[in-house]
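Visitor: One file is attached below, run38.txt, containing compact mmCIF, C-alpha atoms.
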```txt
# COMPACT_ATOMS: atom_id res chain seq x y z
CA MET Y 1 84.29 81.88 125.51
CA PHE Y 2 86.60 81.11 122.61
CA HIS Y 3 89.61 78.91 123.15
CA HIS Y 4 91.66 79.71 120.09
CA ILE Y 5 95.37 80.01 119.33
CA THR Y 6 95.93 82.79 116.80
CA VAL Y 7 98.34 81.83 114.02
CA LEU Y 8 101.16 84.19 112.95
CA LYS Y 9 99.76 86.83 115.29
CA ALA Y 10 102.86 89.02 115.49
CA GLU Y 11 103.93 88.58 111.86
CA ALA Y 12 100.51 89.39 110.36
CA THR Y 13 99.94 92.49 112.48
CA GLU Y 14 103.51 93.73 112.05
CA GLY Y 15 102.96 93.39 108.31
CA LEU Y 16 100.25 96.04 108.52
CA SER Y 17 102.77 98.63 109.82
CA ILE Y 18 100.09 100.03 112.15
CA LYS Y 19 99.80 103.78 112.71
CA PRO Y 20 98.20 104.81 116.03
CA GLY Y 21 95.65 107.06 114.32
CA GLY Y 22 94.89 104.78 111.36
CA ILE Y 23 91.77 102.91 110.33
CA TYR Y 24 92.18 99.13 110.03
CA VAL Y 25 89.98 96.20 109.06
CA ASP Y 26 90.11 92.66 110.43
CA CYS Y 27 88.09 90.72 107.86
CA THR Y 28 88.11 87.57 110.02
CA LEU Y 29 87.46 88.51 113.64
CA GLY Y 30 87.25 84.89 114.87
CA GLY Y 31 88.59 84.63 118.41
CA GLY Y 32 89.82 88.23 118.33
CA GLY Y 33 93.52 87.39 118.50
CA HIS Y 34 94.67 89.62 115.66
CA SER Y 35 92.07 92.27 116.52
CA SER Y 36 93.37 92.55 120.08
CA VAL Y 37 96.92 93.19 118.83
CA ILE Y 38 95.78 95.82 116.32
CA LEU Y 39 93.61 97.55 118.94
CA SER Y 40 96.49 97.61 121.44
CA LYS Y 41 98.58 99.56 118.92
CA LEU Y 42 95.90 102.14 118.13
CA GLY Y 43 95.58 105.51 119.86
CA ASP Y 44 92.37 107.31 120.77
CA SER Y 45 91.86 108.47 117.19
CA GLY Y 46 92.51 105.03 115.67
CA ARG Y 47 89.76 102.63 114.65
CA LEU Y 48 89.39 98.92 113.96
CA ILE Y 49 86.49 97.54 111.93
CA ALA Y 50 86.09 93.79 112.50
CA PHE Y 51 84.05 91.55 110.20
CA ASP Y 52 82.62 88.14 111.01
CA GLN Y 53 79.43 86.36 109.96
CA ASP Y 54 79.45 84.08 113.01
CA ASP Y 55 77.41 85.17 116.05
CA TRP Y 56 79.86 83.36 118.34
CA ALA Y 57 82.67 85.66 117.24
CA HIS Y 58 80.63 88.77 118.03
CA GLU Y 59 79.55 87.50 121.45
CA ASN Y 60 83.16 86.66 122.27
CA ALA Y 61 84.44 90.02 121.01
CA ASN Y 62 82.01 91.94 123.20
CA GLU Y 63 83.69 90.26 126.16
CA VAL Y 64 87.39 89.89 125.35
CA LEU Y 65 87.74 93.16 123.42
CA ALA Y 66 85.65 95.20 125.88
CA PRO Y 67 88.63 97.36 127.00
CA TYR Y 68 88.92 98.67 123.42
CA ARG Y 69 85.21 99.07 122.70
CA ASP Y 70 85.50 102.82 122.02
CA ARG Y 71 87.76 102.21 119.02
CA LEU Y 72 86.12 99.00 117.73
CA THR Y 73 83.29 98.64 115.22
CA LEU Y 74 81.83 95.16 114.72
CA VAL Y 75 80.22 94.25 111.40
CA LYS Y 76 78.21 91.03 111.00
CA SER Y 77 78.85 90.23 107.36
CA ASN Y 78 80.89 88.10 105.03
CA PHE Y 79 84.06 89.98 104.09
CA ARG Y 80 83.15 89.70 100.40
CA HIS Y 81 80.93 92.75 101.12
CA ILE Y 82 83.76 94.81 102.63
CA GLN Y 83 83.50 97.70 100.16
CA ASP Y 84 79.75 98.24 100.62
CA LYS Y 85 79.93 97.87 104.40
CA LEU Y 86 82.80 100.35 104.72
CA LEU Y 87 80.87 102.88 102.65
CA GLU Y 88 78.09 102.70 105.26
CA LEU Y 89 80.43 103.90 108.04
CA ASP Y 90 80.54 107.69 108.28
CA PHE Y 91 84.04 107.82 109.85
CA VAL Y 92 85.72 106.05 106.91
CA PRO Y 93 87.20 108.53 104.36
CA ILE Y 94 86.03 108.21 100.75
CA GLN Y 95 88.11 108.97 97.67
CA ASP Y 96 86.65 108.69 94.15
CA GLY Y 97 83.71 106.77 95.55
CA LEU Y 98 85.87 104.21 97.35
CA PRO Y 99 86.47 103.85 101.11
CA GLN Y 100 90.06 104.46 102.19
CA VAL Y 101 91.57 102.48 105.09
CA ASP Y 102 95.17 102.00 106.25
CA GLY Y 103 95.32 98.24 106.55
CA ILE Y 104 93.28 95.07 106.02
CA LEU Y 105 93.89 91.60 107.46
CA PHE Y 106 92.55 88.22 106.34
CA ASP Y 107 93.02 85.09 108.47
CA LEU Y 108 91.25 82.42 106.44
CA GLY Y 109 89.80 79.09 107.48
CA VAL Y 110 87.72 78.07 110.45
CA SER Y 111 88.36 79.14 114.03
CA SER Y 112 89.32 76.40 116.47
CA PRO Y 113 86.01 76.63 118.39
CA GLN Y 114 84.09 75.92 115.20
CA PHE Y 115 86.13 72.74 114.76
CA ASP Y 116 85.96 71.76 118.40
CA GLU Y 117 82.27 72.41 119.10
CA GLY Y 118 80.65 69.33 117.59
CA GLU Y 119 77.15 70.72 117.06
CA ARG Y 120 78.26 72.95 114.18
CA GLY Y 121 79.05 69.94 112.02
CA PHE Y 122 82.60 70.99 111.13
CA SER Y 123 84.27 68.18 113.03
CA TYR Y 124 84.64 64.58 111.90
CA ASN Y 125 85.39 63.65 115.52
CA ALA Y 126 81.87 64.36 116.83
CA ASP Y 127 78.49 63.12 115.67
CA ALA Y 128 76.27 66.11 114.83
CA PRO Y 129 73.78 67.30 112.21
CA LEU Y 130 75.37 67.95 108.80
CA ASP Y 131 75.59 71.74 108.82
CA MET Y 132 79.01 73.45 108.38
CA ARG Y 133 77.56 76.95 107.92
CA MET Y 134 79.70 79.77 109.27
CA ASP Y 135 76.69 82.07 108.89
CA GLN Y 136 73.76 80.29 110.53
CA SER Y 137 71.29 82.36 108.49
CA ALA Y 138 72.67 81.02 105.19
CA GLU Y 139 70.52 78.53 103.30
CA LEU Y 140 72.99 75.95 101.98
CA THR Y 141 74.17 73.25 104.39
CA ALA Y 142 76.41 70.22 104.07
CA ARG Y 143 73.27 68.08 104.32
CA ASP Y 144 71.91 69.72 101.16
CA ILE Y 145 75.08 68.95 99.22
CA ILE Y 146 75.36 65.36 100.42
CA ASN Y 147 71.69 64.50 99.83
CA GLU Y 148 70.78 66.61 96.79
CA TRP Y 149 73.79 67.39 94.62
CA PRO Y 150 74.62 65.10 91.66
CA GLU Y 151 77.27 62.45 92.20
CA ARG Y 152 79.55 64.14 89.68
CA GLU Y 153 79.39 67.47 91.55
CA ILE Y 154 80.10 65.85 94.91
CA ALA Y 155 83.14 64.13 93.42
CA ARG Y 156 84.29 67.41 91.89
CA ILE Y 157 84.27 69.42 95.12
CA LEU Y 158 85.93 66.59 97.08
CA PHE Y 159 88.73 66.50 94.54
CA GLN Y 160 89.03 70.23 93.83
CA TYR Y 161 88.69 71.59 97.38
CA GLY Y 162 89.94 68.63 99.38
CA GLU Y 163 92.46 67.09 96.98
CA GLU Y 164 90.82 63.75 97.78
CA LYS Y 165 92.11 61.22 95.24
CA PHE Y 166 89.29 58.78 96.05
CA SER Y 167 86.62 61.44 95.43
CA ARG Y 168 84.71 59.43 92.83
CA ARG Y 169 84.54 56.32 94.98
CA ILE Y 170 83.37 58.34 98.00
CA ALA Y 171 80.74 60.19 95.95
CA LYS Y 172 79.36 56.89 94.63
CA VAL Y 173 79.09 55.43 98.14
CA ILE Y 174 77.27 58.56 99.32
CA VAL Y 175 74.80 58.55 96.42
CA ASP Y 176 74.13 54.80 96.78
CA GLN Y 177 73.36 55.26 100.48
CA ARG Y 178 71.04 58.24 100.06
CA LYS Y 179 68.86 56.18 97.69
CA THR Y 180 67.95 54.14 100.76
CA SER Y 181 67.66 56.92 103.33
CA PRO Y 182 68.88 60.53 103.77
CA ILE Y 183 72.31 61.09 105.32
CA GLU Y 184 71.73 63.28 108.36
CA THR Y 185 74.82 63.36 110.57
CA THR Y 186 78.57 63.81 110.45
CA GLY Y 187 78.98 60.36 111.99
CA GLU Y 188 77.07 58.73 109.14
CA LEU Y 189 79.11 60.68 106.59
CA VAL Y 190 82.43 59.68 108.20
CA GLU Y 191 81.52 55.99 107.89
CA LEU Y 192 80.55 56.44 104.22
CA ILE Y 193 83.81 58.25 103.48
CA LYS Y 194 85.76 55.43 105.11
CA ALA Y 195 83.85 52.91 103.00
CA GLY Y 196 84.89 54.78 99.87
CA ILE Y 197 88.61 54.71 100.69
CA PRO Y 198 90.64 51.50 100.34
CA ALA Y 199 91.69 49.99 103.67
CA ALA Y 200 95.41 50.44 103.00
CA ALA Y 201 94.91 54.17 102.27
CA ARG Y 202 92.84 54.65 105.43
CA ARG Y 203 95.83 53.65 107.56
CA THR Y 204 98.00 56.57 106.40
CA GLY Y 205 97.70 60.35 106.10
CA GLY Y 206 95.65 61.20 109.18
CA HIS Y 207 91.88 60.91 109.57
CA PRO Y 208 90.33 59.56 106.35
CA ALA Y 209 87.48 62.13 106.47
CA LYS Y 210 89.71 65.19 106.90
CA ARG Y 211 89.99 66.11 103.22
CA SER Y 212 86.32 65.53 102.46
CA PHE Y 213 85.14 67.59 105.43
CA GLN Y 214 87.43 70.42 104.40
CA ALA Y 215 86.02 70.31 100.87
CA LEU Y 216 82.42 70.37 102.06
CA ARG Y 217 83.11 73.31 104.41
CA ILE Y 218 84.67 75.29 101.57
CA ALA Y 219 81.72 74.52 99.27
CA VAL Y 220 79.02 75.26 101.86
CA ASN Y 221 80.49 78.68 102.64
CA ASP Y 222 81.76 79.49 99.12
CA GLU Y 223 85.05 80.30 100.83
CA LEU Y 224 87.17 80.60 97.70
CA GLY Y 225 84.66 82.76 95.85
CA ALA Y 226 84.22 85.01 98.87
CA PHE Y 227 87.98 85.34 99.31
CA GLU Y 228 88.56 86.21 95.67
CA GLU Y 229 85.86 88.91 95.75
CA GLY Y 230 86.97 90.16 99.16
CA LEU Y 231 90.66 90.45 98.27
CA HIS Y 232 89.97 92.40 95.08
CA ALA Y 233 87.68 94.71 97.09
CA ALA Y 234 90.34 95.07 99.78
CA VAL Y 235 92.87 96.34 97.24
CA ARG Y 236 90.33 98.93 96.07
CA CYS Y 237 89.64 100.02 99.65
CA LEU Y 238 93.27 100.55 100.67
CA ALA Y 239 94.50 104.11 101.00
CA PRO Y 240 97.85 104.89 99.33
CA GLY Y 241 100.56 103.37 101.52
CA GLY Y 242 98.04 101.00 103.15
CA ARG Y 243 98.81 97.31 103.52
CA VAL Y 244 96.95 94.02 103.28
CA SER Y 245 98.06 90.93 105.23
CA VAL Y 246 96.68 87.53 104.20
CA ILE Y 247 97.06 84.26 106.11
CA THR Y 248 96.02 81.16 104.15
CA PHE Y 249 95.81 77.52 105.25
CA HIS Y 250 95.06 75.82 101.94
CA SER Y 251 97.01 75.64 98.70
CA LEU Y 252 94.04 76.93 96.69
CA GLU Y 253 93.68 79.96 98.97
CA ASP Y 254 97.39 80.73 98.73
CA ARG Y 255 97.31 80.39 94.95
CA ILE Y 256 94.40 82.85 94.72
CA CYS Y 257 96.22 85.32 96.96
CA LYS Y 258 99.46 85.02 95.00
CA GLN Y 259 97.72 85.45 91.66
CA ILE Y 260 95.61 88.42 92.75
CA PHE Y 261 98.60 90.22 94.25
CA ALA Y 262 100.55 89.55 91.05
CA SER Y 263 97.75 91.01 88.94
CA TYR Y 264 98.13 94.36 90.74
CA VAL Y 265 101.93 94.49 90.73
CA GLU Y 266 103.73 96.56 88.09
CA LYS Y 267 103.92 94.84 84.71
CA CYS Y 268 106.50 96.97 82.93
CA THR Y 269 107.56 95.49 79.60
CA CYS Y 270 110.19 98.11 78.75
CA PRO Y 271 113.71 96.86 77.93
CA PRO Y 272 115.99 96.82 81.02
CA ASP Y 273 118.26 99.53 79.59
CA PHE Y 274 115.45 102.13 79.29
CA PRO Y 275 116.06 104.98 81.78
CA MET Y 276 112.32 105.17 82.66
CA CYS Y 277 109.08 103.29 82.09
CA VAL Y 278 107.25 104.28 78.91
CA CYS Y 279 105.02 101.22 78.38
CA GLY Y 280 102.27 102.33 80.73
CA GLY Y 281 102.21 99.03 82.59
CA LYS Y 282 101.57 100.67 85.95
CA GLY Y 283 100.75 98.66 89.04
CA GLN Y 284 98.78 99.34 92.21
CA LEU Y 285 100.64 97.13 94.69
CA LYS Y 286 104.16 96.21 95.70
CA LEU Y 287 104.95 93.00 97.53
CA VAL Y 288 106.29 93.45 101.05
CA ASN Y 289 107.54 89.85 101.18
CA ARG Y 290 108.46 88.06 97.95
CA LYS Y 291 108.05 84.64 99.52
CA PRO Y 292 105.31 83.71 102.00
CA ILE Y 293 106.11 83.89 105.71
CA VAL Y 294 105.52 80.60 107.54
CA PRO Y 295 105.22 79.77 111.25
CA SER Y 296 108.38 79.26 113.28
CA GLU Y 297 109.27 75.90 114.77
CA GLU Y 298 108.46 77.35 118.18
CA GLU Y 299 104.93 78.26 117.06
CA LEU Y 300 104.41 74.83 115.53
CA GLU Y 301 105.34 73.19 118.83
CA HIS Y 302 102.46 75.04 120.50
CA ASN Y 303 99.93 74.85 117.67
CA SER Y 304 100.04 72.03 115.12
CA ARG Y 305 97.14 73.60 113.20
CA ALA Y 306 99.53 76.35 112.09
CA ARG Y 307 101.60 73.94 109.98
CA SER Y 308 100.00 74.82 106.62
CA ALA Y 309 99.74 78.57 107.27
CA LYS Y 310 101.32 81.07 104.87
CA LEU Y 311 101.39 84.86 105.19
CA ARG Y 312 101.61 87.24 102.24
CA VAL Y 313 101.72 91.05 102.59
CA ALA Y 314 101.33 93.75 99.93
CA GLU Y 315 101.32 97.56 100.04
CA LYS Y 316 99.25 100.00 97.98
CA LEU Y 317 101.51 102.30 95.97
CA LYS Y 318 101.39 105.93 97.07
CA THR Y 319 101.92 107.55 93.69
CA ILE Y 320 102.09 106.52 90.06
CA ALA Y 321 105.77 107.44 90.09
CA GLU Y 322 106.46 104.59 92.51
CA THR Y 323 105.53 102.07 89.83
CA ALA Y 324 108.61 103.08 87.84
CA GLU Y 325 110.87 102.92 90.88
CA GLY Y 326 113.98 100.91 90.18
CA LYS Y 327 113.91 101.48 86.41
```
Let me see the file written as structure tokens.
Guide:
Amino acid sequence: MFHHITVLKAEATEGLSIKPGGIYVDCTLGGGGHSSVILSKLGDSGRLIAFDQDDWAHENANEVLAPYRDRLTLVKSNFRHIQDKLLELDFVPIQDGLPQVDGILFDLGVSSPQFDEGERGFSYNADAPLDMRMDQSAELTARDIINEWPEREIARILFQYGEEKFSRRIAKVIVDQRKTSPIETTGELVELIKAGIPAAARRTGGHPAKRSFQALRIAVNDELGAFEEGLHAAVRCLAPGGRVSVITFHSLEDRICKQIFASYVEKCTCPPDFPMCVCGGKGQLKLVNRKPIVPSEEELEHNSRARSAKLRVAEKLKTIAETAEGK
């Protein structure tokens, strides 16, 4: 059974503006928190399609979402394949070769149980095999990266994905150690990371391995690449008037979301005094919230993991004419 506190549960689902008879997609089923809210708002003709590549999430969903089983479809897949998987479902409408759904939700990052259950290798607080795979059938593990990737590449991912300023020092310590013997466990890796960080720096900023473990998890699961592909596909799969809600927990994720949304928003270059748009810079989305929504102080008191969360919501334009609205 999952023990998981869903972040921005009300805000993210309200952002979808759920219609009782609509078709919705939860790209990150996890503990089922957002899915349960969406399902509770659907009528008999409504449908939720929930994606997750983790077997634990599916086992949990079969139990906690059992009352809604007649309107729930579970898909074991990475959400980067959302378009192809939706095309396989005969109840999803298709327009111009693309599936059409009324709302899509992304809640990025790792579910609390994946952090808390030591054997998965996500946690720096438990000694376990170096794994970190969300999909246990995937080939690449954290052990592969730590023991086989070049020192330069290890340093790059620690800096790029974890914003670890001592990335080069840590990578050198890791590579020096693996010349003697392979690095097999999270406990071994934590000690090597500590050795690569100056003592004064280890005493501030939380656990010294936090940033490096985050970076390895992102690299193992290609989280940023999957998100970029999945969000572009989500925009294609939205029906006119449909909405996409995205919760991010990392600055790189939020930047990708912001940039992708911006790429689909109207880019009219006509002078402000023109009575109508004539430049042809039509968009596909409009932003529901200009600035990201963040957790309330009350939510943060109950769940410290929500502190870095940001929610962005966008809506698919219904007609081309809407892109010139406000001119």
Visitor: What does the distance from CA of Arg156 (chain Y) to CA of Cys27 (chain Y) come to in Å, to one decimal?
Guide: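 Pair CA of Arg156 (chain Y) / CA of Cys27 (chain Y) returns 28.5 Å.
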Visitor: Applying 10 Å and all atoms listed in the file, which residues near Ile104 (chain Y) remain after dropping the ones on its own chain fewer than 5 positions away? List them as a list in words.
Guide: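 Those residues are Thr13, Leu16, Ile23, Tyr24, Val25, Asp26, Cys27, Thr28, Leu48, Ile49, Ala50, Leu231, Ala234, Val235, Cys237, Leu238, Gly242, Arg243, Val244, Ser245, Val246 and Val313 of chain Y.
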Visitor: At what distance in Å, to one decimal, does CA of Arg169 (chain Y) lie from CA of Glu188 (chain Y)?
Guide: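 Result for CA of Glu188 (chain Y) versus CA of Arg169 (chain Y): 16.2 Å, one decimal.
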Visitor: Which residues are close to Glu148 (chain Y), i.e. within 12 Å by all atoms listed in the file, leaving aside same-chain residues fewer than 2 positions away? Reply as a list of chain:residue names.
Guide: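 Those residues are Y:Leu140, Y:Thr141, Y:Ala142, Y:Arg143, Y:Asp144, Y:Ile145, Y:Ile146, Y:Pro150, Y:Glu151, Y:Arg152, Y:Glu153, Y:Ile154, Y:Ala171, Y:Ile174, Y:Val175, Y:Arg178, Y:Lys179, Y:Pro182, Y:Ile183.
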Visitor: For Pro292 (chain Y), find every residue with an atom within 6 Å (counting all atoms listed in the file), except residues of its own chain fewer than 4 positions away, and show them as an MDAnalysis selection string.
Guide: chainID Y and resid 310:312
Visitor: Okay, now the selection with C-alpha atoms, as an mmCIF file, keeping the file's coordinate frame?
Guide:
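Output contents, as saved in selection.cif:
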```
data_model
loop_
_atom_site.group_PDB
_atom_site.id
_atom_site.type_symbol
_atom_site.label_atom_id
_atom_site.label_comp_id
_atom_site.auth_asym_id
_atom_site.auth_seq_id
_atom_site.Cartn_x
_atom_site.Cartn_y
_atom_site.Cartn_z
ATOM 1 C CA LYS Y 310 101.320 81.070 104.870
ATOM 2 C CA LEU Y 311 101.390 84.860 105.190
ATOM 3 C CA ARG Y 312 101.610 87.240 102.240
#
```
Visitor: Which one of Y:Glu184, Y:Asp90, Y:Asp176, Y:Glu223 sits closest to Asp127 (chain Y) if you count only C-alpha atoms?
Guide: Y:Glu184
Visitor: What separation in Å, quoted to one decimal, exists between CA of Val75 (chain Y) and CA of Met132 (chain Y)?
Guide: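 Interatomic distance here is 21.1 Å.
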Visitor: Have a look at Y:His250, Y:Arg47, Y:Lys267, Y:Arg120 and name the one nearest to Gln160 (chain Y); count only C-alpha atoms.
Guide: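 Nearest candidate to Gln160 (chain Y) out of Y:His250, Y:Arg47, Y:Lys267, Y:Arg120: Y:His250.
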Visitor: Choose the residue, out of Y:Arg211, Y:Lys316, Y:His34, Y:Lys41, that has the smallest atom-to-atom separation from Phe159 (chain Y); count all atoms listed in the file.
Guide: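 Looking only at the distances to Phe159 (chain Y), the closest residue turns out to be Y:Arg211.
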